[in-house]
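I have placed the structure first, in the form of structure tokens, so that the comments after it can refer back to it.
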Protein chains: 2
Amino acid sequence: MARVQVAPLRRTGRPLGATVRVIEIERKFLVAEPPSHLERWPATAIEQGYVALDEDGTEVRVRRRDGRTWLTVKSGAGRVRVEEEIEIEPERFERLWALTEGRRIEKTRYELDAGDGLVLELDVYAGDLEGLVVAEVEFESEEAAEGFTPPGWLGPDVTEDARYKNQRLARDGAP
Amino acid sequence: MARVQVAPLRRTGRPLGATVRVIEIERKFLVAEPPSHLERWPATAIEQGYVALDEDGTEVRVRRRDGRTWLTVKSGAGRVRVEEEIEIEPERFERLWALTEGRRIEKTRYELDAGDGLVLELDVYAGDLEGLVVAEVEFESEEAAEGFTPPGWLGPDVTEDARYKNQRLARDGAP
């Protein structure tokens, strides 16, 4: 049920000595009706576009979040696991953004307290994906992920549904 | 005969204020027998691998040259013309290099004086492309390119032959 993935060198935008290995265990849910008063939670606007999608699954994307801009190279499933985040200048972001037309995502991410020390990331999509709302919860163990009782407002579990990956949403639109 | 291409923001590894617009006018030739005593010319070892090749022609490559390491995003022909070079740490290069297996190029580039103020870049390939030698000459105008009389040791003009693009050589091998 939970998706477990090893992110070998996350947060590599920081000095190399600060890179850490992270195991992500998460579940993803559709949301038909988000909770009210979302504005009371911390929110960030995220713009993300795909510069190159290789048929082997490797993706190269640019992202703007909180006024900072990044280029990320991420290997496809089943390949050597690589995820490199490189902070880039805003001017460079703009030039690369021009290459992402038709393969973009805009969303606002709210960070909600889901109880038991859990943070629920609620992604409210805009633009072509307006109307789509997806929630992700990250867990400390597979047991915690499987034992999680979703609040009533969370809809179907789409953790394993590839159509809800950002790359697919950007390219193919809402399922 | 000559290939003319506008490189909108070349040398972007330098501080942004130092970026320059460059129009490249060049011709490319096969070389059956390189001149002797190549060692008297300045030489650099170049390793280059393709991280992602998008079907729209966009390429993302990493390169090591003179001990410095770069990631470059280059748009395909007929698209918005973008070429962004980002200098990256050697450790990051190594991790991204792992994604380029089967799509690599190794070559030594010699810079020869071709007379009349022209520089001839002679690329001597190694590894899977051992035996391939290609020369490129850059000109200041299309007239100069067309008026160029190649020295006798230069072979067929392959300026327009897509099989000799680095991306194709890396992926498909020598024609």
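Naming works like this for the structure tokens: A, B, ... for the chains as they're shown, residue 1 at the start of each chain, ligands 1 onward in shown order.
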Starting from chain B, keep only residues with some atom at most 9 Å from an atom of chain A, counting only C-alpha atoms, and report them as a ChimeraX atom specification. /B:12,16,51-60,73,75,79-84,86,88-89,91-92,95-96,98-99
The coordinates of chain B, once least-squares superposed on chain A over all sequentially paired C-alpha atoms, should be supplied as a short mmCIF file (atom, residue, chain, number, x, y, z; two decimals) with N, CA and C atoms, in the first residue's frame.
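Printed below is selection.cif as written:
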data_model
loop_
_atom_site.label_atom_id
_atom_site.label_comp_id
_atom_site.auth_asym_id
_atom_site.auth_seq_id
_atom_site.Cartn_x
_atom_site.Cartn_y
_atom_site.Cartn_z
N MET B 1 0.85 -1.18 0.05
CA MET B 1 0.02 0.03 -0.02
C MET B 1 0.91 1.26 -0.04
N ALA B 2 1.87 1.29 0.87
CA ALA B 2 2.75 2.46 0.92
C ALA B 2 3.81 2.38 -0.16
N ARG B 3 4.24 3.52 -0.63
CA ARG B 3 5.34 3.53 -1.59
C ARG B 3 6.62 3.81 -0.83
N VAL B 4 7.59 2.96 -1.00
CA VAL B 4 8.87 3.14 -0.32
C VAL B 4 9.88 3.51 -1.37
N GLN B 5 10.53 4.62 -1.21
CA GLN B 5 11.60 4.90 -2.16
C GLN B 5 12.80 5.51 -1.45
N VAL B 6 13.94 5.09 -1.92
CA VAL B 6 15.19 5.59 -1.34
C VAL B 6 15.64 6.77 -2.18
N ALA B 7 15.76 7.91 -1.53
CA ALA B 7 16.28 9.09 -2.23
C ALA B 7 17.73 9.25 -1.81
N PRO B 8 18.67 8.78 -2.63
CA PRO B 8 20.06 8.62 -2.17
C PRO B 8 20.70 9.94 -1.75
N LEU B 9 20.43 10.99 -2.47
CA LEU B 9 21.14 12.22 -2.15
C LEU B 9 20.21 13.40 -2.29
N ARG B 10 19.26 13.44 -1.41
CA ARG B 10 18.27 14.51 -1.44
C ARG B 10 18.88 15.77 -0.85
N ARG B 11 18.23 16.86 -1.13
CA ARG B 11 18.65 18.16 -0.59
C ARG B 11 20.08 18.49 -1.00
N THR B 12 20.41 18.10 -2.21
CA THR B 12 21.78 18.31 -2.68
C THR B 12 22.02 19.77 -3.07
N GLY B 13 20.99 20.59 -2.99
CA GLY B 13 21.22 22.01 -3.23
C GLY B 13 22.09 22.62 -2.15
N ARG B 14 22.08 22.00 -1.00
CA ARG B 14 22.93 22.48 0.09
C ARG B 14 24.38 22.05 -0.15
N PRO B 15 25.30 22.60 0.60
CA PRO B 15 26.69 22.19 0.43
C PRO B 15 26.80 20.68 0.52
N LEU B 16 27.75 20.12 -0.23
CA LEU B 16 27.80 18.66 -0.34
C LEU B 16 27.87 17.96 1.00
N GLY B 17 28.58 18.55 1.96
CA GLY B 17 28.70 17.92 3.26
C GLY B 17 27.37 17.71 3.94
N ALA B 18 26.36 18.48 3.51
CA ALA B 18 25.07 18.43 4.19
C ALA B 18 24.09 17.46 3.54
N THR B 19 24.53 16.74 2.50
CA THR B 19 23.59 15.81 1.88
C THR B 19 23.27 14.68 2.82
N VAL B 20 22.05 14.18 2.73
CA VAL B 20 21.63 13.10 3.61
C VAL B 20 20.90 12.04 2.81
N ARG B 21 20.98 10.82 3.26
CA ARG B 21 20.21 9.77 2.62
C ARG B 21 18.86 9.70 3.30
N VAL B 22 17.81 9.64 2.50
CA VAL B 22 16.47 9.66 3.05
C VAL B 22 15.69 8.51 2.45
N ILE B 23 14.99 7.78 3.29
CA ILE B 23 14.05 6.80 2.77
C ILE B 23 12.67 7.40 2.91
N GLU B 24 11.98 7.50 1.80
CA GLU B 24 10.64 8.09 1.84
C GLU B 24 9.61 6.97 1.83
N ILE B 25 8.72 7.02 2.81
CA ILE B 25 7.61 6.07 2.84
C ILE B 25 6.35 6.91 2.85
N GLU B 26 5.58 6.82 1.78
CA GLU B 26 4.46 7.74 1.71
C GLU B 26 3.23 7.11 1.08
N ARG B 27 2.09 7.71 1.37
CA ARG B 27 0.83 7.31 0.74
C ARG B 27 0.18 8.54 0.14
N LYS B 28 -0.54 8.31 -0.94
CA LYS B 28 -1.15 9.42 -1.68
C LYS B 28 -2.65 9.17 -1.85
N PHE B 29 -3.42 10.22 -1.62
CA PHE B 29 -4.88 10.08 -1.68
C PHE B 29 -5.49 11.18 -2.55
N LEU B 30 -6.57 10.85 -3.22
CA LEU B 30 -7.35 11.90 -3.88
C LEU B 30 -8.21 12.60 -2.84
N VAL B 31 -8.53 13.86 -3.12
CA VAL B 31 -9.35 14.65 -2.21
C VAL B 31 -10.48 15.28 -3.00
N ALA B 32 -11.70 14.94 -2.63
CA ALA B 32 -12.84 15.53 -3.35
C ALA B 32 -13.15 16.91 -2.79
N GLU B 33 -13.09 17.01 -1.49
CA GLU B 33 -13.49 18.27 -0.82
C GLU B 33 -12.43 18.60 0.23
N PRO B 34 -11.54 19.54 -0.06
CA PRO B 34 -10.50 19.85 0.94
C PRO B 34 -11.11 20.46 2.19
N PRO B 35 -10.45 20.37 3.32
CA PRO B 35 -10.95 21.00 4.54
C PRO B 35 -11.06 22.50 4.34
N SER B 36 -11.95 23.12 5.09
CA SER B 36 -12.12 24.57 4.96
C SER B 36 -10.97 25.31 5.66
N HIS B 37 -10.91 26.60 5.40
CA HIS B 37 -9.90 27.47 6.03
C HIS B 37 -8.47 26.98 5.82
N LEU B 38 -8.19 26.57 4.58
CA LEU B 38 -6.83 26.13 4.27
C LEU B 38 -5.80 27.23 4.56
N GLU B 39 -6.28 28.47 4.50
CA GLU B 39 -5.35 29.60 4.64
C GLU B 39 -4.65 29.62 6.00
N ARG B 40 -5.14 28.86 6.95
CA ARG B 40 -4.46 28.88 8.26
C ARG B 40 -3.21 28.00 8.27
N TRP B 41 -3.00 27.20 7.20
CA TRP B 41 -1.82 26.35 7.15
C TRP B 41 -0.71 26.99 6.31
N PRO B 42 0.53 26.63 6.60
CA PRO B 42 1.63 27.15 5.76
C PRO B 42 1.43 26.71 4.30
N ALA B 43 1.62 27.64 3.40
CA ALA B 43 1.38 27.34 1.98
C ALA B 43 2.54 27.84 1.13
N THR B 44 2.84 27.09 0.08
CA THR B 44 3.84 27.57 -0.89
C THR B 44 3.33 27.30 -2.29
N ALA B 45 3.60 28.28 -3.17
CA ALA B 45 3.25 28.10 -4.58
C ALA B 45 4.39 27.35 -5.27
N ILE B 46 4.03 26.35 -6.05
CA ILE B 46 5.04 25.55 -6.76
C ILE B 46 4.73 25.58 -8.25
N GLU B 47 5.72 25.94 -9.04
CA GLU B 47 5.60 25.81 -10.49
C GLU B 47 6.66 24.82 -10.93
N GLN B 48 6.27 23.91 -11.76
CA GLN B 48 7.19 22.83 -12.13
C GLN B 48 6.96 22.50 -13.61
N GLY B 49 8.04 22.36 -14.35
CA GLY B 49 7.91 22.04 -15.78
C GLY B 49 8.99 21.05 -16.18
N TYR B 50 8.67 20.21 -17.15
CA TYR B 50 9.60 19.16 -17.57
C TYR B 50 10.36 19.60 -18.82
N VAL B 51 11.67 19.66 -18.68
CA VAL B 51 12.57 20.10 -19.74
C VAL B 51 12.84 18.94 -20.70
N ALA B 52 13.03 17.76 -20.13
CA ALA B 52 13.29 16.57 -20.94
C ALA B 52 12.75 15.34 -20.25
N LEU B 53 12.06 14.51 -21.02
CA LEU B 53 11.58 13.22 -20.52
C LEU B 53 12.17 12.16 -21.44
N ASP B 54 13.04 11.34 -20.90
CA ASP B 54 13.67 10.31 -21.71
C ASP B 54 12.80 9.06 -21.68
N GLU B 55 12.85 8.29 -22.74
CA GLU B 55 12.01 7.08 -22.78
C GLU B 55 12.43 6.06 -21.73
N ASP B 56 13.66 6.18 -21.18
CA ASP B 56 14.06 5.26 -20.12
C ASP B 56 13.53 5.71 -18.75
N GLY B 57 12.75 6.80 -18.74
CA GLY B 57 12.13 7.25 -17.50
C GLY B 57 12.85 8.41 -16.83
N THR B 58 14.07 8.69 -17.27
CA THR B 58 14.80 9.82 -16.67
C THR B 58 14.04 11.12 -16.97
N GLU B 59 13.89 11.95 -15.94
CA GLU B 59 13.24 13.24 -16.14
C GLU B 59 14.16 14.37 -15.69
N VAL B 60 14.07 15.48 -16.40
CA VAL B 60 14.80 16.68 -16.04
C VAL B 60 13.76 17.79 -15.93
N ARG B 61 13.64 18.36 -14.74
CA ARG B 61 12.58 19.34 -14.53
C ARG B 61 13.14 20.59 -13.89
N VAL B 62 12.42 21.68 -14.05
CA VAL B 62 12.75 22.90 -13.32
C VAL B 62 11.59 23.24 -12.41
N ARG B 63 11.91 23.85 -11.30
CA ARG B 63 10.88 24.14 -10.31
C ARG B 63 11.15 25.49 -9.65
N ARG B 64 10.06 26.24 -9.43
CA ARG B 64 10.18 27.46 -8.64
C ARG B 64 9.32 27.29 -7.40
N ARG B 65 9.91 27.55 -6.26
CA ARG B 65 9.19 27.40 -5.00
C ARG B 65 9.76 28.40 -4.02
N ASP B 66 8.88 29.17 -3.39
CA ASP B 66 9.32 30.14 -2.39
C ASP B 66 10.39 31.08 -2.95
N GLY B 67 10.26 31.43 -4.21
CA GLY B 67 11.22 32.37 -4.79
C GLY B 67 12.57 31.76 -5.12
N ARG B 68 12.72 30.47 -4.86
CA ARG B 68 13.98 29.82 -5.25
C ARG B 68 13.72 28.91 -6.44
N THR B 69 14.77 28.70 -7.23
CA THR B 69 14.58 27.98 -8.49
C THR B 69 15.61 26.86 -8.61
N TRP B 70 15.15 25.72 -9.13
CA TRP B 70 15.94 24.50 -9.12
C TRP B 70 15.82 23.77 -10.44
N LEU B 71 16.87 23.04 -10.75
CA LEU B 71 16.82 22.05 -11.83
C LEU B 71 17.08 20.69 -11.18
N THR B 72 16.25 19.71 -11.51
CA THR B 72 16.39 18.39 -10.92
C THR B 72 16.48 17.33 -12.00
N VAL B 73 17.43 16.43 -11.84
CA VAL B 73 17.54 15.26 -12.71
C VAL B 73 17.17 14.05 -11.87
N LYS B 74 16.23 13.27 -12.36
CA LYS B 74 15.74 12.13 -11.59
C LYS B 74 15.69 10.93 -12.51
N SER B 75 16.32 9.84 -12.09
CA SER B 75 16.34 8.64 -12.94
C SER B 75 15.00 7.93 -12.89
N GLY B 76 14.72 7.14 -13.91
CA GLY B 76 13.48 6.39 -13.97
C GLY B 76 13.50 5.18 -13.05
N ALA B 77 12.32 4.60 -12.85
CA ALA B 77 12.22 3.40 -12.01
C ALA B 77 13.07 2.29 -12.60
N GLY B 78 13.71 1.52 -11.74
CA GLY B 78 14.46 0.36 -12.21
C GLY B 78 15.85 0.68 -12.70
N ARG B 79 16.21 1.95 -12.71
CA ARG B 79 17.56 2.30 -13.12
C ARG B 79 18.39 2.59 -11.87
N VAL B 80 19.67 2.91 -12.07
CA VAL B 80 20.47 3.43 -10.96
C VAL B 80 19.64 4.56 -10.36
N ARG B 81 19.52 4.56 -9.05
CA ARG B 81 18.65 5.58 -8.43
C ARG B 81 19.45 6.88 -8.26
N VAL B 82 19.08 7.89 -9.02
CA VAL B 82 19.77 9.18 -8.94
C VAL B 82 18.74 10.28 -8.83
N GLU B 83 18.97 11.21 -7.92
CA GLU B 83 18.13 12.41 -7.87
C GLU B 83 19.03 13.56 -7.48
N GLU B 84 19.27 14.43 -8.42
CA GLU B 84 20.17 15.55 -8.19
C GLU B 84 19.40 16.86 -8.33
N GLU B 85 19.44 17.66 -7.27
CA GLU B 85 18.79 18.98 -7.31
C GLU B 85 19.86 20.05 -7.37
N ILE B 86 19.78 20.90 -8.35
CA ILE B 86 20.78 21.95 -8.53
C ILE B 86 20.06 23.30 -8.45
N GLU B 87 20.48 24.15 -7.53
CA GLU B 87 19.84 25.47 -7.49
C GLU B 87 20.36 26.30 -8.66
N ILE B 88 19.46 26.97 -9.33
CA ILE B 88 19.85 27.77 -10.51
C ILE B 88 19.36 29.21 -10.33
N GLU B 89 19.94 30.12 -11.10
CA GLU B 89 19.53 31.52 -11.03
C GLU B 89 18.14 31.67 -11.66
N PRO B 90 17.33 32.63 -11.14
CA PRO B 90 15.99 32.84 -11.69
C PRO B 90 16.01 33.10 -13.20
N GLU B 91 17.05 33.79 -13.69
CA GLU B 91 17.11 34.09 -15.13
C GLU B 91 17.28 32.79 -15.93
N ARG B 92 18.08 31.89 -15.39
CA ARG B 92 18.30 30.61 -16.05
C ARG B 92 17.01 29.79 -16.02
N PHE B 93 16.32 29.85 -14.87
CA PHE B 93 15.02 29.17 -14.77
C PHE B 93 14.09 29.65 -15.87
N GLU B 94 14.01 30.96 -16.06
CA GLU B 94 13.09 31.51 -17.07
C GLU B 94 13.42 30.97 -18.47
N ARG B 95 14.71 30.90 -18.77
CA ARG B 95 15.10 30.43 -20.11
C ARG B 95 14.76 28.95 -20.28
N LEU B 96 14.97 28.17 -19.23
CA LEU B 96 14.65 26.74 -19.31
C LEU B 96 13.14 26.50 -19.30
N TRP B 97 12.43 27.37 -18.60
CA TRP B 97 10.96 27.28 -18.52
C TRP B 97 10.35 27.29 -19.93
N ALA B 98 10.98 28.05 -20.82
CA ALA B 98 10.49 28.14 -22.20
C ALA B 98 10.43 26.77 -22.89
N LEU B 99 11.23 25.84 -22.40
CA LEU B 99 11.26 24.49 -23.01
C LEU B 99 10.19 23.57 -22.45
N THR B 100 9.45 24.03 -21.46
CA THR B 100 8.54 23.12 -20.75
C THR B 100 7.08 23.29 -21.17
N GLU B 101 6.86 24.10 -22.20
CA GLU B 101 5.47 24.37 -22.59
C GLU B 101 4.72 23.07 -22.87
N GLY B 102 3.49 22.99 -22.35
CA GLY B 102 2.70 21.78 -22.54
C GLY B 102 3.04 20.68 -21.54
N ARG B 103 4.02 20.94 -20.67
CA ARG B 103 4.42 19.93 -19.67
C ARG B 103 4.68 20.62 -18.34
N ARG B 104 3.66 21.37 -17.91
CA ARG B 104 3.84 22.15 -16.68
C ARG B 104 2.80 21.81 -15.63
N ILE B 105 3.19 22.10 -14.41
CA ILE B 105 2.28 21.94 -13.29
C ILE B 105 2.37 23.18 -12.42
N GLU B 106 1.19 23.67 -12.02
CA GLU B 106 1.16 24.73 -11.01
C GLU B 106 0.30 24.23 -9.88
N LYS B 107 0.79 24.40 -8.68
CA LYS B 107 -0.03 23.98 -7.55
C LYS B 107 0.35 24.77 -6.30
N THR B 108 -0.57 24.80 -5.36
CA THR B 108 -0.25 25.35 -4.05
C THR B 108 -0.20 24.19 -3.07
N ARG B 109 0.89 24.15 -2.33
CA ARG B 109 1.04 23.06 -1.36
C ARG B 109 0.81 23.58 0.05
N TYR B 110 -0.18 22.99 0.72
CA TYR B 110 -0.46 23.32 2.12
C TYR B 110 0.09 22.21 3.01
N GLU B 111 0.67 22.60 4.12
CA GLU B 111 1.18 21.58 5.05
C GLU B 111 0.28 21.52 6.27
N LEU B 112 -0.50 20.44 6.37
CA LEU B 112 -1.49 20.30 7.44
C LEU B 112 -0.97 19.35 8.51
N ASP B 113 -1.35 19.64 9.71
CA ASP B 113 -1.05 18.73 10.81
C ASP B 113 -2.08 17.61 10.79
N ALA B 114 -1.61 16.36 10.60
CA ALA B 114 -2.54 15.23 10.49
C ALA B 114 -2.59 14.42 11.79
N GLY B 115 -2.11 15.01 12.87
CA GLY B 115 -2.11 14.30 14.16
C GLY B 115 -0.99 13.29 14.24
N ASP B 116 -0.72 12.80 15.44
CA ASP B 116 0.34 11.80 15.66
C ASP B 116 1.68 12.22 15.06
N GLY B 117 1.92 13.51 15.01
CA GLY B 117 3.19 13.98 14.48
C GLY B 117 3.31 13.88 12.97
N LEU B 118 2.20 13.56 12.31
CA LEU B 118 2.25 13.42 10.84
C LEU B 118 1.93 14.73 10.15
N VAL B 119 2.64 14.97 9.06
CA VAL B 119 2.35 16.14 8.23
C VAL B 119 1.67 15.65 6.95
N LEU B 120 0.58 16.33 6.59
CA LEU B 120 -0.13 15.98 5.37
C LEU B 120 0.10 17.11 4.36
N GLU B 121 0.67 16.76 3.24
CA GLU B 121 0.89 17.76 2.20
C GLU B 121 -0.30 17.73 1.25
N LEU B 122 -0.99 18.86 1.18
CA LEU B 122 -2.17 18.93 0.33
C LEU B 122 -1.83 19.77 -0.90
N ASP B 123 -1.85 19.15 -2.07
CA ASP B 123 -1.51 19.85 -3.31
C ASP B 123 -2.80 20.22 -4.05
N VAL B 124 -3.04 21.53 -4.15
CA VAL B 124 -4.21 22.04 -4.86
C VAL B 124 -3.71 22.56 -6.21
N TYR B 125 -4.07 21.86 -7.26
CA TYR B 125 -3.55 22.18 -8.59
C TYR B 125 -4.31 23.36 -9.21
N ALA B 126 -3.61 24.08 -10.08
CA ALA B 126 -4.22 25.21 -10.79
C ALA B 126 -3.96 25.02 -12.29
N GLY B 127 -4.30 26.03 -13.06
CA GLY B 127 -4.06 25.95 -14.51
C GLY B 127 -4.87 24.84 -15.14
N ASP B 128 -4.26 24.07 -16.03
CA ASP B 128 -4.96 23.00 -16.75
C ASP B 128 -5.45 21.90 -15.81
N LEU B 129 -4.86 21.81 -14.64
CA LEU B 129 -5.22 20.74 -13.70
C LEU B 129 -6.15 21.25 -12.60
N GLU B 130 -6.70 22.45 -12.79
CA GLU B 130 -7.63 23.04 -11.82
C GLU B 130 -8.70 22.02 -11.43
N GLY B 131 -8.97 21.90 -10.14
CA GLY B 131 -9.98 20.95 -9.68
C GLY B 131 -9.37 19.70 -9.06
N LEU B 132 -8.11 19.44 -9.41
CA LEU B 132 -7.44 18.26 -8.85
C LEU B 132 -6.81 18.61 -7.50
N VAL B 133 -7.09 17.81 -6.49
CA VAL B 133 -6.49 18.00 -5.17
C VAL B 133 -5.98 16.64 -4.70
N VAL B 134 -4.71 16.60 -4.30
CA VAL B 134 -4.07 15.34 -3.91
C VAL B 134 -3.37 15.54 -2.57
N ALA B 135 -3.49 14.56 -1.70
CA ALA B 135 -2.84 14.64 -0.39
C ALA B 135 -1.76 13.56 -0.29
N GLU B 136 -0.64 13.93 0.30
CA GLU B 136 0.43 12.96 0.54
C GLU B 136 0.82 12.97 2.00
N VAL B 137 0.97 11.80 2.56
CA VAL B 137 1.41 11.70 3.95
C VAL B 137 2.69 10.88 3.97
N GLU B 138 3.69 11.39 4.67
CA GLU B 138 4.96 10.67 4.76
C GLU B 138 5.06 10.01 6.14
N PHE B 139 5.55 8.78 6.16
CA PHE B 139 5.61 8.02 7.41
C PHE B 139 7.04 7.64 7.76
N GLU B 140 7.21 7.27 9.03
CA GLU B 140 8.55 6.87 9.48
C GLU B 140 8.82 5.39 9.28
N SER B 141 7.79 4.62 9.06
CA SER B 141 7.98 3.18 8.86
C SER B 141 6.84 2.64 8.01
N GLU B 142 7.06 1.47 7.43
CA GLU B 142 6.00 0.86 6.65
C GLU B 142 4.82 0.47 7.54
N GLU B 143 5.12 0.08 8.78
CA GLU B 143 4.05 -0.28 9.71
C GLU B 143 3.14 0.94 9.93
N ALA B 144 3.77 2.10 10.16
CA ALA B 144 2.99 3.32 10.39
C ALA B 144 2.15 3.65 9.16
N ALA B 145 2.73 3.44 7.98
CA ALA B 145 2.00 3.74 6.75
C ALA B 145 0.78 2.85 6.60
N GLU B 146 0.98 1.56 6.91
CA GLU B 146 -0.13 0.62 6.74
C GLU B 146 -1.17 0.78 7.83
N GLY B 147 -0.72 1.22 9.03
CA GLY B 147 -1.65 1.39 10.14
C GLY B 147 -2.40 2.72 10.11
N PHE B 148 -2.09 3.56 9.16
CA PHE B 148 -2.68 4.90 9.11
C PHE B 148 -4.18 4.84 8.77
N THR B 149 -4.97 5.50 9.60
CA THR B 149 -6.40 5.61 9.31
C THR B 149 -6.65 6.99 8.74
N PRO B 150 -6.93 7.06 7.44
CA PRO B 150 -7.09 8.38 6.82
C PRO B 150 -8.32 9.09 7.36
N PRO B 151 -8.21 10.42 7.58
CA PRO B 151 -9.39 11.17 7.97
C PRO B 151 -10.48 11.03 6.90
N GLY B 152 -11.74 11.22 7.31
CA GLY B 152 -12.87 10.97 6.41
C GLY B 152 -12.84 11.75 5.10
N TRP B 153 -12.19 12.92 5.12
CA TRP B 153 -12.22 13.74 3.90
C TRP B 153 -11.20 13.29 2.85
N LEU B 154 -10.39 12.30 3.18
CA LEU B 154 -9.47 11.76 2.16
C LEU B 154 -10.19 10.71 1.33
N GLY B 155 -10.00 10.78 0.01
CA GLY B 155 -10.66 9.85 -0.91
C GLY B 155 -9.81 8.64 -1.21
N PRO B 156 -9.96 8.08 -2.42
CA PRO B 156 -9.26 6.85 -2.79
C PRO B 156 -7.74 6.95 -2.66
N ASP B 157 -7.12 5.87 -2.24
CA ASP B 157 -5.66 5.76 -2.16
C ASP B 157 -5.13 5.55 -3.58
N VAL B 158 -4.31 6.49 -4.05
CA VAL B 158 -3.76 6.37 -5.41
C VAL B 158 -2.23 6.26 -5.38
N THR B 159 -1.72 5.74 -4.25
CA THR B 159 -0.27 5.61 -4.08
C THR B 159 0.40 4.90 -5.26
N GLU B 160 -0.26 3.85 -5.74
CA GLU B 160 0.36 3.03 -6.80
C GLU B 160 -0.11 3.42 -8.19
N ASP B 161 -0.92 4.46 -8.28
CA ASP B 161 -1.50 4.83 -9.58
C ASP B 161 -0.57 5.80 -10.31
N ALA B 162 0.13 5.30 -11.33
CA ALA B 162 1.16 6.09 -12.02
C ALA B 162 0.59 7.34 -12.69
N ARG B 163 -0.72 7.35 -12.94
CA ARG B 163 -1.31 8.52 -13.61
C ARG B 163 -1.25 9.78 -12.74
N TYR B 164 -1.05 9.59 -11.43
CA TYR B 164 -0.98 10.76 -10.54
C TYR B 164 0.44 11.20 -10.23
N LYS B 165 1.41 10.59 -10.89
CA LYS B 165 2.78 11.11 -10.78
C LYS B 165 2.82 12.47 -11.47
N ASN B 166 3.61 13.38 -10.92
CA ASN B 166 3.66 14.73 -11.49
C ASN B 166 4.05 14.73 -12.97
N GLN B 167 5.00 13.86 -13.30
CA GLN B 167 5.44 13.79 -14.70
C GLN B 167 4.26 13.48 -15.63
N ARG B 168 3.44 12.50 -15.21
CA ARG B 168 2.29 12.11 -16.04
C ARG B 168 1.22 13.19 -16.05
N LEU B 169 0.98 13.80 -14.88
CA LEU B 169 -0.02 14.88 -14.82
C LEU B 169 0.37 16.03 -15.74
N ALA B 170 1.69 16.35 -15.73
CA ALA B 170 2.16 17.48 -16.54
C ALA B 170 1.99 17.18 -18.02
N ARG B 171 2.24 15.94 -18.39
CA ARG B 171 2.23 15.58 -19.81
C ARG B 171 0.83 15.23 -20.31
N ASP B 172 0.10 14.46 -19.50
CA ASP B 172 -1.17 13.92 -19.97
C ASP B 172 -2.40 14.61 -19.39
N GLY B 173 -2.22 15.48 -18.40
CA GLY B 173 -3.37 16.12 -17.76
C GLY B 173 -4.01 15.22 -16.71
N ALA B 174 -5.14 15.68 -16.16
CA ALA B 174 -5.80 14.94 -15.09
C ALA B 174 -6.40 13.65 -15.63
N PRO B 175 -6.29 12.55 -14.89
CA PRO B 175 -6.83 11.25 -15.35
C PRO B 175 -8.36 11.31 -15.45
#
Among range 2-173 of chain A, which ones does DSSP place in helix (DSSP H, G or I), written as a PyMOL selection string? chain A and resi 16-18+38-40+90-100+127-129+142-147+162-164+166-172
Mind checking DSSP for chain B and telling me the strand (DSSP E) residues as an NGL selection string? :B and (3-10 or 20-30 or 43-53 or 59-65 or 68-74 or 83-88 or 104-113 or 119-125 or 133-139)
